[in-house]
Structures are given as C-alpha cells and as structure tokens.
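What follows is the content of run06.cif, which has mmCIF, C-alpha atoms and all ligand atoms:
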data_protein
#
loop_
_atom_site.label_atom_id
_atom_site.label_comp_id
_atom_site.auth_asym_id
_atom_site.auth_seq_id
_atom_site.Cartn_x
_atom_site.Cartn_y
_atom_site.Cartn_z
CA MET I 1 -1.72 33.05 40.74
CA LYS I 2 -1.34 31.70 44.26
CA PRO I 3 -4.25 32.49 46.56
CA LEU I 4 -3.73 35.37 48.89
CA LEU I 5 -4.21 33.22 51.93
CA ASP I 6 -1.27 31.01 50.92
CA ARG I 7 0.95 34.03 50.72
CA GLY I 8 -0.13 35.18 54.13
CA VAL I 9 -1.26 38.52 52.75
CA LEU I 10 -4.81 38.25 53.96
CA VAL I 11 -3.87 36.75 57.27
CA GLU I 12 -1.77 39.78 57.88
CA LEU I 13 -4.60 42.04 56.80
CA ASP I 14 -6.93 40.20 59.17
CA GLU I 15 -4.57 40.99 61.98
CA LEU I 16 -4.58 44.61 60.95
CA ALA I 17 -8.35 44.70 60.88
CA ASP I 18 -8.47 43.22 64.36
CA GLY I 19 -6.26 46.00 65.65
CA SER I 20 -3.58 43.54 66.65
CA ILE I 21 -0.76 44.85 64.50
CA GLY I 22 2.42 43.64 66.02
CA ARG I 23 4.95 43.44 63.27
CA PRO I 24 5.32 46.07 60.61
CA SER I 25 6.77 43.83 57.96
CA ARG I 26 6.49 42.63 54.43
CA PRO I 27 3.20 42.31 52.55
CA LEU I 28 1.03 43.95 55.13
CA ASP I 29 2.79 47.22 54.39
CA VAL I 30 0.50 47.42 51.38
CA SER I 31 -2.67 47.45 53.43
CA PRO I 32 -3.15 51.12 54.32
CA THR I 33 -2.83 52.13 50.70
CA VAL I 34 -4.88 49.34 49.26
CA GLY I 35 -8.15 51.28 49.14
CA THR I 36 -11.32 49.92 47.59
CA PHE I 37 -12.20 47.73 44.64
CA VAL I 38 -15.19 47.47 42.35
CA GLY I 39 -16.55 44.16 41.08
CA ILE I 40 -18.97 44.04 38.18
CA LYS I 41 -20.94 41.12 36.86
CA LEU I 42 -22.48 41.61 33.43
CA THR I 43 -25.42 39.57 32.23
CA GLY I 44 -27.28 39.97 28.96
CA ASP I 45 -29.54 42.64 30.46
CA HIS I 46 -28.12 43.71 33.82
CA LEU I 47 -25.05 45.08 35.45
CA PHE I 48 -24.46 44.15 39.09
CA ALA I 49 -21.79 46.21 40.82
CA VAL I 50 -20.26 46.19 44.27
CA VAL I 51 -17.61 48.28 46.00
CA THR I 52 -15.57 46.26 48.47
CA ASP I 53 -12.64 46.70 50.78
CA VAL I 54 -9.44 44.73 50.27
CA ARG I 55 -10.96 41.72 52.00
CA ALA I 56 -13.85 41.73 49.53
CA ASN I 57 -16.32 42.90 52.18
CA PRO I 58 -19.14 44.71 50.37
CA ILE I 59 -19.44 48.43 51.07
CA ARG I 60 -22.10 49.42 48.53
CA ASN I 61 -24.08 47.68 45.79
CA LEU I 62 -25.69 48.99 42.66
CA ASP I 63 -27.77 47.00 40.18
CA VAL I 64 -28.79 48.58 36.90
CA GLU I 65 -30.53 47.40 33.79
CA LEU I 66 -28.58 47.34 30.55
CA SER I 67 -30.81 48.78 27.86
CA GLN I 68 -28.03 48.67 25.26
CA THR I 69 -25.47 45.91 25.06
CA ASP I 70 -23.05 47.12 22.40
CA PRO I 71 -19.54 47.28 23.87
CA SER I 72 -19.19 51.07 23.81
CA ALA I 73 -22.54 51.59 25.55
CA VAL I 74 -21.66 48.99 28.19
CA THR I 75 -18.22 50.56 28.72
CA ARG I 76 -19.87 53.95 29.29
CA ARG I 77 -22.41 52.39 31.64
CA ILE I 78 -19.67 50.70 33.66
CA ALA I 79 -17.82 54.01 34.01
CA ASP I 80 -21.06 55.78 35.06
CA VAL I 81 -21.94 53.12 37.63
CA ILE I 82 -18.46 53.28 39.14
CA ALA I 83 -18.77 57.06 39.38
CA ASP I 84 -22.16 56.67 41.08
CA LEU I 85 -20.71 54.21 43.59
CA GLU I 86 -18.13 56.84 44.64
CA PRO I 87 -15.44 54.35 45.67
CA THR I 88 -12.84 55.86 48.00
CA ASN I 89 -9.30 55.43 46.74
CA LEU I 90 -10.28 53.00 43.97
CA ARG I 91 -7.45 50.57 43.29
CA GLY I 92 -8.85 48.19 40.76
CA VAL I 93 -11.90 46.97 38.90
CA GLY I 94 -12.86 43.37 38.16
CA ILE I 95 -15.39 42.55 35.48
CA SER I 96 -16.93 39.13 35.04
CA LEU I 97 -19.17 37.87 32.29
CA GLY I 98 -20.44 34.63 30.85
CA GLY I 99 -18.05 33.75 28.08
CA LEU I 100 -14.43 33.45 27.15
CA ALA I 101 -12.09 36.15 28.40
CA ARG I 102 -8.38 36.30 27.69
CA LYS I 103 -5.99 38.99 28.84
CA GLY I 104 -8.61 41.69 29.06
CA ASP I 105 -10.36 40.85 25.81
CA VAL I 106 -13.71 39.15 25.45
CA LEU I 107 -13.33 36.43 22.83
CA GLU I 108 -16.97 35.48 23.02
CA ALA I 109 -19.88 36.41 25.27
CA PRO I 110 -23.07 34.89 23.86
CA PHE I 111 -25.51 36.57 26.29
CA LEU I 112 -24.19 39.99 25.28
CA GLY I 113 -23.75 39.02 21.64
CA TRP I 114 -20.07 39.96 21.78
CA ARG I 115 -17.14 38.54 19.86
CA ASP I 116 -13.56 39.81 20.04
CA VAL I 117 -14.25 42.85 22.17
CA HIS I 118 -11.36 44.82 23.55
CA LEU I 119 -12.75 45.71 26.99
CA ALA I 120 -10.30 45.97 29.86
CA GLN I 121 -7.68 48.27 28.41
CA PRO I 122 -9.96 51.07 27.15
CA LEU I 123 -11.79 50.96 30.46
CA ALA I 124 -8.54 51.02 32.42
CA GLU I 125 -7.46 54.11 30.47
CA ARG I 126 -10.79 55.79 31.08
CA LEU I 127 -10.83 54.99 34.82
CA ALA I 128 -7.07 55.32 35.37
CA VAL I 129 -7.00 52.11 37.43
CA PRO I 130 -6.19 48.51 36.46
CA VAL I 131 -9.15 46.56 35.08
CA VAL I 132 -9.19 42.76 35.06
CA LEU I 133 -11.58 40.67 33.09
CA GLU I 134 -12.55 37.14 34.09
CA ASN I 135 -15.04 34.48 33.17
CA ASP I 136 -17.96 34.75 35.58
CA LEU I 137 -17.84 31.13 36.74
CA VAL I 138 -14.16 31.40 37.56
CA ALA I 139 -14.84 34.63 39.47
CA LEU I 140 -17.77 33.08 41.32
CA ALA I 141 -15.68 30.03 42.26
CA GLU I 142 -13.05 32.44 43.55
CA ALA I 143 -15.71 34.18 45.66
CA GLU I 144 -17.05 30.89 47.04
CA ARG I 145 -13.57 29.63 47.80
CA TRP I 146 -12.41 32.80 49.45
CA PHE I 147 -15.37 34.02 51.47
CA GLY I 148 -18.39 32.04 50.36
CA LEU I 149 -19.84 28.60 50.94
CA GLY I 150 -16.67 26.85 49.81
CA ARG I 151 -14.55 28.55 52.40
CA GLY I 152 -12.44 25.97 54.21
CA LEU I 153 -13.27 23.19 51.74
CA PRO I 154 -10.19 21.75 50.01
CA GLY I 155 -12.10 21.14 46.81
CA PHE I 156 -15.56 21.56 45.39
CA ALA I 157 -17.46 22.05 42.17
CA VAL I 158 -19.65 25.05 41.46
CA ILE I 159 -22.76 24.37 39.40
CA THR I 160 -24.95 27.28 38.40
CA ILE I 161 -28.43 27.22 36.95
CA GLY I 162 -29.73 30.27 35.15
CA ALA I 163 -29.86 31.24 31.50
CA GLY I 164 -27.36 28.41 31.05
CA VAL I 165 -25.76 25.77 33.22
CA GLY I 166 -22.34 26.82 34.44
CA TYR I 167 -19.56 24.84 35.95
CA ALA I 168 -16.32 25.61 37.77
CA LEU I 169 -13.97 23.61 39.91
CA VAL I 170 -11.77 24.18 42.92
CA ILE I 171 -9.08 21.59 43.62
CA ASN I 172 -6.61 21.69 46.50
CA GLY I 173 -7.79 25.16 47.43
CA GLU I 174 -7.23 26.62 43.95
CA VAL I 175 -9.76 27.56 41.28
CA VAL I 176 -8.99 25.62 38.11
CA ARG I 177 -8.10 28.19 35.43
CA SER I 178 -7.31 25.99 32.49
CA PRO I 179 -8.08 27.25 28.96
CA ASP I 180 -11.32 25.24 29.16
CA ALA I 181 -12.59 27.15 32.21
CA GLY I 182 -15.11 29.51 30.69
CA VAL I 183 -15.75 27.53 27.53
CA GLY I 184 -18.99 26.31 29.06
CA THR I 185 -18.18 22.61 29.35
CA GLY I 186 -21.11 22.04 31.74
CA GLY I 187 -23.68 23.52 29.39
CA HIS I 188 -24.68 20.51 27.30
CA ILE I 189 -23.93 17.37 29.28
CA PRO I 190 -26.38 14.57 28.44
CA LEU I 191 -28.55 13.89 31.49
CA ASP I 192 -31.87 12.40 30.43
CA PRO I 193 -32.38 10.18 27.35
CA LEU I 194 -36.10 11.01 27.45
CA GLY I 195 -35.69 14.76 27.89
CA PRO I 196 -36.55 17.56 25.47
CA TYR I 197 -34.12 18.96 22.92
CA CYS I 198 -31.90 21.98 23.50
CA VAL I 199 -31.32 24.68 20.88
CA GLU I 200 -28.26 22.79 19.68
CA GLY I 201 -30.23 19.61 19.14
CA HIS I 202 -29.07 17.52 22.12
CA LYS I 203 -31.71 15.41 23.76
CA GLY I 204 -32.01 15.92 27.51
CA CYS I 205 -28.74 17.83 27.96
CA SER I 206 -28.14 20.10 30.94
CA GLN I 207 -29.41 23.14 29.05
CA ALA I 208 -32.58 21.34 27.94
CA MET I 209 -33.32 19.98 31.42
CA LEU I 210 -32.25 22.65 33.87
CA THR I 211 -32.16 26.21 32.59
CA ILE I 212 -34.74 28.85 33.42
CA GLY I 213 -35.75 29.12 29.77
CA ALA I 214 -36.07 25.34 29.33
CA ILE I 215 -38.28 24.90 32.38
CA ALA I 216 -40.48 27.83 31.38
CA ALA I 217 -40.72 26.54 27.80
CA GLN I 218 -41.64 23.01 28.90
CA ALA I 219 -44.27 24.30 31.32
CA SER I 220 -45.71 26.62 28.67
CA ALA I 221 -45.92 23.78 26.15
CA ALA I 222 -47.53 21.41 28.66
CA LEU I 223 -50.09 23.93 29.89
CA GLN I 224 -50.66 25.59 26.51
CA ARG I 225 -50.15 29.11 27.80
CA THR I 226 -47.19 31.30 28.62
CA VAL I 227 -45.76 30.19 31.95
CA SER I 228 -42.75 31.93 33.45
CA PHE I 229 -40.04 30.07 35.34
CA ASP I 230 -41.30 31.42 38.67
CA ASP I 231 -44.86 30.43 37.81
CA ALA I 232 -43.72 26.95 36.79
CA LEU I 233 -42.07 26.48 40.18
CA LYS I 234 -45.12 27.82 41.96
CA LEU I 235 -47.43 25.48 40.07
CA ALA I 236 -45.13 22.55 40.80
CA GLU I 237 -45.15 23.44 44.47
CA GLU I 238 -48.95 23.56 44.41
CA GLY I 239 -48.97 20.08 42.90
CA GLU I 240 -50.02 20.90 39.33
CA PRO I 241 -49.12 17.53 37.69
CA ALA I 242 -47.44 18.74 34.48
CA ALA I 243 -45.35 21.38 36.25
CA ARG I 244 -44.50 18.90 38.95
CA ALA I 245 -43.29 16.33 36.39
CA ILE I 246 -41.08 18.94 34.69
CA VAL I 247 -39.53 20.04 37.95
CA GLU I 248 -39.00 16.45 39.09
CA ALA I 249 -37.28 15.60 35.82
CA ALA I 250 -35.06 18.65 36.42
CA GLY I 251 -34.30 17.33 39.91
CA ASP I 252 -33.29 13.93 38.54
CA ALA I 253 -31.12 15.60 35.92
CA LEU I 254 -29.46 17.80 38.51
CA GLY I 255 -28.82 14.76 40.69
CA ARG I 256 -27.15 13.02 37.75
CA LEU I 257 -25.06 16.09 36.95
CA ILE I 258 -23.88 16.36 40.56
CA ALA I 259 -23.14 12.61 40.73
CA LEU I 260 -21.14 12.80 37.48
CA THR I 261 -19.25 15.81 38.78
CA ALA I 262 -18.42 14.14 42.08
CA ASN I 263 -17.52 10.84 40.47
CA LEU I 264 -15.15 12.31 37.90
CA THR I 265 -13.53 15.11 39.89
CA LEU I 266 -13.16 13.05 43.11
CA GLN I 267 -14.54 16.03 45.02
CA SER I 268 -17.56 15.43 47.23
CA SER I 269 -18.73 18.98 47.81
CA VAL I 270 -20.83 21.06 45.47
CA VAL I 271 -21.88 24.69 45.65
CA LEU I 272 -25.11 25.41 43.78
CA ALA I 273 -25.79 28.96 42.64
CA GLY I 274 -27.44 31.00 39.91
CA ASP I 275 -30.75 32.77 39.45
CA GLY I 276 -32.54 29.51 38.66
CA ILE I 277 -31.36 27.63 41.72
CA ALA I 278 -34.78 27.95 43.40
CA VAL I 279 -35.71 24.75 41.58
CA TYR I 280 -33.39 22.81 43.87
CA ARG I 281 -35.46 23.52 46.99
CA LEU I 282 -38.48 21.78 45.44
CA VAL I 283 -36.60 18.63 44.53
CA ALA I 284 -33.78 18.35 47.06
CA ASP I 285 -34.87 14.82 48.08
CA ARG I 286 -34.94 13.58 44.49
CA VAL I 287 -31.55 15.13 43.84
CA ALA I 288 -30.10 13.33 46.87
CA GLN I 289 -31.66 10.02 45.83
CA ARG I 290 -30.34 10.28 42.30
CA ILE I 291 -26.86 11.15 43.52
CA ALA I 292 -26.84 8.18 45.89
CA SER I 293 -28.02 5.81 43.18
CA GLU I 294 -25.29 6.93 40.78
CA ARG I 295 -22.36 6.76 43.18
CA SER I 296 -20.47 3.90 44.73
CA SER I 297 -21.77 3.08 48.19
CA ARG I 298 -18.18 3.52 49.34
CA ALA I 299 -17.95 7.06 47.98
CA GLN I 300 -18.48 9.95 50.35
CA THR I 301 -21.91 11.51 50.62
CA VAL I 302 -21.95 14.63 48.48
CA SER I 303 -22.45 17.75 50.56
CA ILE I 304 -24.54 20.36 48.77
CA HIS I 305 -24.27 24.04 49.64
CA VAL I 306 -26.83 26.39 48.12
CA ASP I 307 -25.84 30.00 47.52
CA SER I 308 -29.08 31.97 47.21
CA SER I 309 -27.44 35.37 47.36
CA GLY I 310 -28.03 36.02 43.67
CA PHE I 311 -25.83 38.06 41.38
CA ARG I 312 -24.28 40.05 44.19
CA ALA I 313 -22.06 37.06 44.98
CA TRP I 314 -20.96 37.08 41.35
CA ALA I 315 -20.10 40.79 41.48
CA ARG I 316 -18.18 40.21 44.68
CA GLY I 317 -16.30 37.43 42.90
CA ALA I 318 -15.28 39.93 40.24
CA ALA I 319 -14.00 42.24 42.99
CA ALA I 320 -12.07 39.30 44.45
CA VAL I 321 -10.33 38.79 41.12
CA ALA I 322 -9.38 42.49 41.02
CA ILE I 323 -8.05 42.29 44.59
CA GLN I 324 -5.94 39.24 43.78
CA ASP I 325 -4.54 41.01 40.78
CA ALA I 326 -3.69 44.15 42.78
CA VAL I 327 -2.13 42.32 45.71
CA GLY I 328 -0.29 40.08 43.27
CA ARG I 329 1.23 43.16 41.63
CA LEU I 330 2.04 44.80 44.96
CA THR I 331 3.72 41.73 46.41
CA ALA I 332 5.60 41.16 43.16
CA GLU I 333 7.04 44.67 43.53
CA HIS I 334 8.39 43.93 46.99
ZN ZN E 401 -27.54 20.86 24.56
#

Target encoding structure tokens, full file:
Amino acid sequence: MKPLLDRGVLVELDELADGSIGRPSRPLDVSPTVGTFVGIKLTGDHLFAVVTDVRANPIRNLDVELSQTDPSAVTRRIADVIADLEPTNLRGVGISLGGLARKGDVLEAPFLGWRDVHLAQPLAERLAVPVVLENDLVALAEAERWFGLGRGLPGFAVITIGAGVGYALVINGEVVRSPDAGVGTGGHIPLDPLGPYCVEGHKGCSQAMLTIGAIAAQASAALQRTVSFDDALKLAEEGEPAARAIVEAAGDALGRLIALTANLTLQSSVVLAGDGIAVYRLVADRVAQRIASERSSRAQTVSIHVDSSGFRAWARGAAAVAIQDAVGRLTAEH
C-alpha cells in the first residue's frame, strides 16, 4: 500500500486541521467522517492500547496485564479494553504482535504461544469495525516512518531489544513488507564468537548477547544470585566488574549488528527501540566505536535515534496500520 503522504491524503488532512480548508475536493472529503482508531500491541503478558485520531495523534492510552493468553480470552480482553477506551466514532482497529501475521490470521506468535489463530475476523464481527493484524516490527517501523524518529528519513533500519531482537527496514520511504518481514530474521545473527549460547544453540547470536533475558541470565550466573535486567544495568553503571563486562559485550554486539545492518542495507540511519534499549545509554561510545571499526571509512556515519517511548509507540504503530487500511479503502472507493 502506498503511504498516505504520497497520496496527498494526510497533507490535505493537515490543511484541514490547520483550519485552512480551501478546496473541497477529492480525498479530503473523507476526513470529517474518519473518526477515531484504536491501536493495540500485544506482548506475552500485556496489552497496550491507544485511541488516536486519523493522524495517529494519541487521544487516550490504556495498558493492562494479560493474565490469560489463550486466543478467546485475549479477544474478550481486547473488546473490553476498546469499550473502556470509549472511542468516538470508531473506524478501525489495528493489532500488532510479535510473530507472523497473514490476512488477519496469526500463523505463529511465540510470546503468546499461538499457532494458526483466526483473530481479526471474529474480532471485526464482534466490534462491527474493520480489524487489521500486523507484525509488531512492521507496525513500529510504520509509526517511526510516519510520525516517529524516522520521519523525514528516506530509509532506516529499526532494531528493537526486548524479549527478543527485532528488525524492520524502511527503504525509499516505504516499510519493507516482504514475506520475511515478521519472521524474525534479526533474532539470531551471529555477533560474538566468544559469547554465550542462545536457547537454539547459537554462540553469541543477537538473542544471546542483547535480550533482556540474556543479560539478566548472564549477570545472575556471574554474580551467583538472581539479578534482574534493571539490576544488571544498575550494577554495570556503578562499575561492578562482571555486570560491566556483560553490558560492554552487549554494546560491542549491538555495534556489530548496526554496522552489519548499515553495510548490507546501504542505509545509514537506525532507530533503536524496545523495552531493553536502556542498555544502549550505558555503552553508546562502544557502540559507535564498533560501528566505525566495521564500516568503510568512506561510508557515512551511522546516525542512531533512540526511541524510549516504550510500548505506546508500538500501539500507535498498530493504529497507524489501521488508519492506512481505512484511508486505503476510502480512497479506493472514490
Ligand atoms: Zn540464537
């Protein structure tokens, strides 16, 4: 689908919002009836929801814990949360999750333990509005491209650190939506030949080096007590040697991952996000050094943009996908 900006739809809506409506023509006719949208990001234990206007501006947020993750319980929870948000003139719902989504069905969502779940259509029937389902990295990239840190950049990669390592790509102003987007191709890239093993048996892959669980596990093993991810970062910041070494190794690995990304995609901007991205702040210098050492001196300096807004940006990305879908349908009708 072509971005809204290319079609001029949003430009026209911007003019409307500014009160400078001069020409009652074409796509902007849709604007008064467009209403609101809900974006939902599902994780293995939380549901992050946002109501937005047609320009994806947040109106209200709601974050709830998911105590049950079977599909019918989650579907009910989504419907309840949307009711609680009281969206005015709801026009569409976007749902994003970590995993493979195709045409409204979840083929696989490891964090929820789902396989072949029919999600969008039953929910659309229940809510009586269109429901779109999208991989969460694709939706986040859409959010960054449209109104986030990637706004105005012709191309950039999105790398997320959290329960896993996620990857998405924007080229020539468009989010790449190939069948491989959402497979999790960034999850197990080899980064450190001396690193620990991941659950799949790779030595020093991105999961083993960078994820919240991996850093907590390494710190716990080194200090012989249970150390959370936040505690590991705090100890590293205080100079505790073992925690510091783990975090520095993560910094080197992240630098290599960013250098690889920039080298192979020919894009020199990266947006970092995810609930484990706090690690970057501690090792930004190491990351920059590693990137420089693994790139041609003639290549552009990689610009790094850190999105610390948490899962709300992801929920907003899901709303953006719903808006695109709705405006796409409306403009197709005209
Ligand atoms: Zn691995």

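Identified as lying at most 8 Å from ligand ZN 401 (chain E) when counting only C-alpha atoms and all ligand atoms are the residues Gly187, His188, Ile189, Pro190, Tyr197, Cys198, Val199, Glu200, Gly201, His202, Lys203, Gly204, Cys205, Ser206, Gln207 and Ala208 of chain I.
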
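Atom pair atom CA of Ala236 of chain I / atom CA of Val270 of chain I: separated by 24.8 Å.
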
Exercise. Determine, counting all atoms listed in the file, which protein, DNA and RNA residues have an atom within 9 Å of an atom of segment 308-313 of chain I; residues of the same chain fewer than 3 positions away are not included. Present the result as a list in words.
Key: Ile40, Lys41, Phe48, Ala49, Val50, Asn61, Asp63, Leu140, Ala143, Glu144, Gly148, Leu272, Ala273, Gly274, Asp275, Ile277, Ala278, Arg316, Gly317 and Ala318 of chain I

Taking all atoms of segment 144-160 of chain I that the file lists and extending 5 Å past them on each side, where is the centre of the axis-aligned box and how long are its edges? Answer in Å to one decimal, as JSON.
{"center_x": -17.6, "center_y": 27.6, "center_z": 46.3, "size_x": 24.8, "size_y": 22.9, "size_z": 25.8}

Practice problem: Please provide as JSON, numbers by chain all residues within 10 Å of Ala288 of chain I, with the sequence filter that same-chain residues fewer than 3 positions apart are discarded (counting all atoms listed in the file). | Solution: {"I": [251, 252, 254, 255, 256, 258, 259, 283, 284, 285, 291, 292, 293, 301, 302, 303, 304]}

Self-check item: Interatomic distance, atom CA of Phe111 of chain I to atom CA of Asp230 of chain I (Å, one decimal)
Solution: 20.7 Å

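If you measure from each of I:Leu153, I:Leu264, I:Val129, I:Ile215 to Asp325 of chain I using only C-alpha atoms, the closest one turns out to be I:Val129.
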
Quiz item: At a cut-off of 7 Å from (-9.8, 32.0, 42.2) in the coordinates of the file, what residues are picked up using all atoms listed in the file, written as a PyMOL selection string?
Solution: chain I and resi 138-139+141-142+174-175+321

Exercise. Determine, counting all atoms listed in the file, every residue of protein, DNA or RNA that lies within 8 Å of (-2.5, 46.8, 37.6) in the file coordinates, then give the result as number ranges by chain.
Key: I: 92, 129-131, 325-326, 329
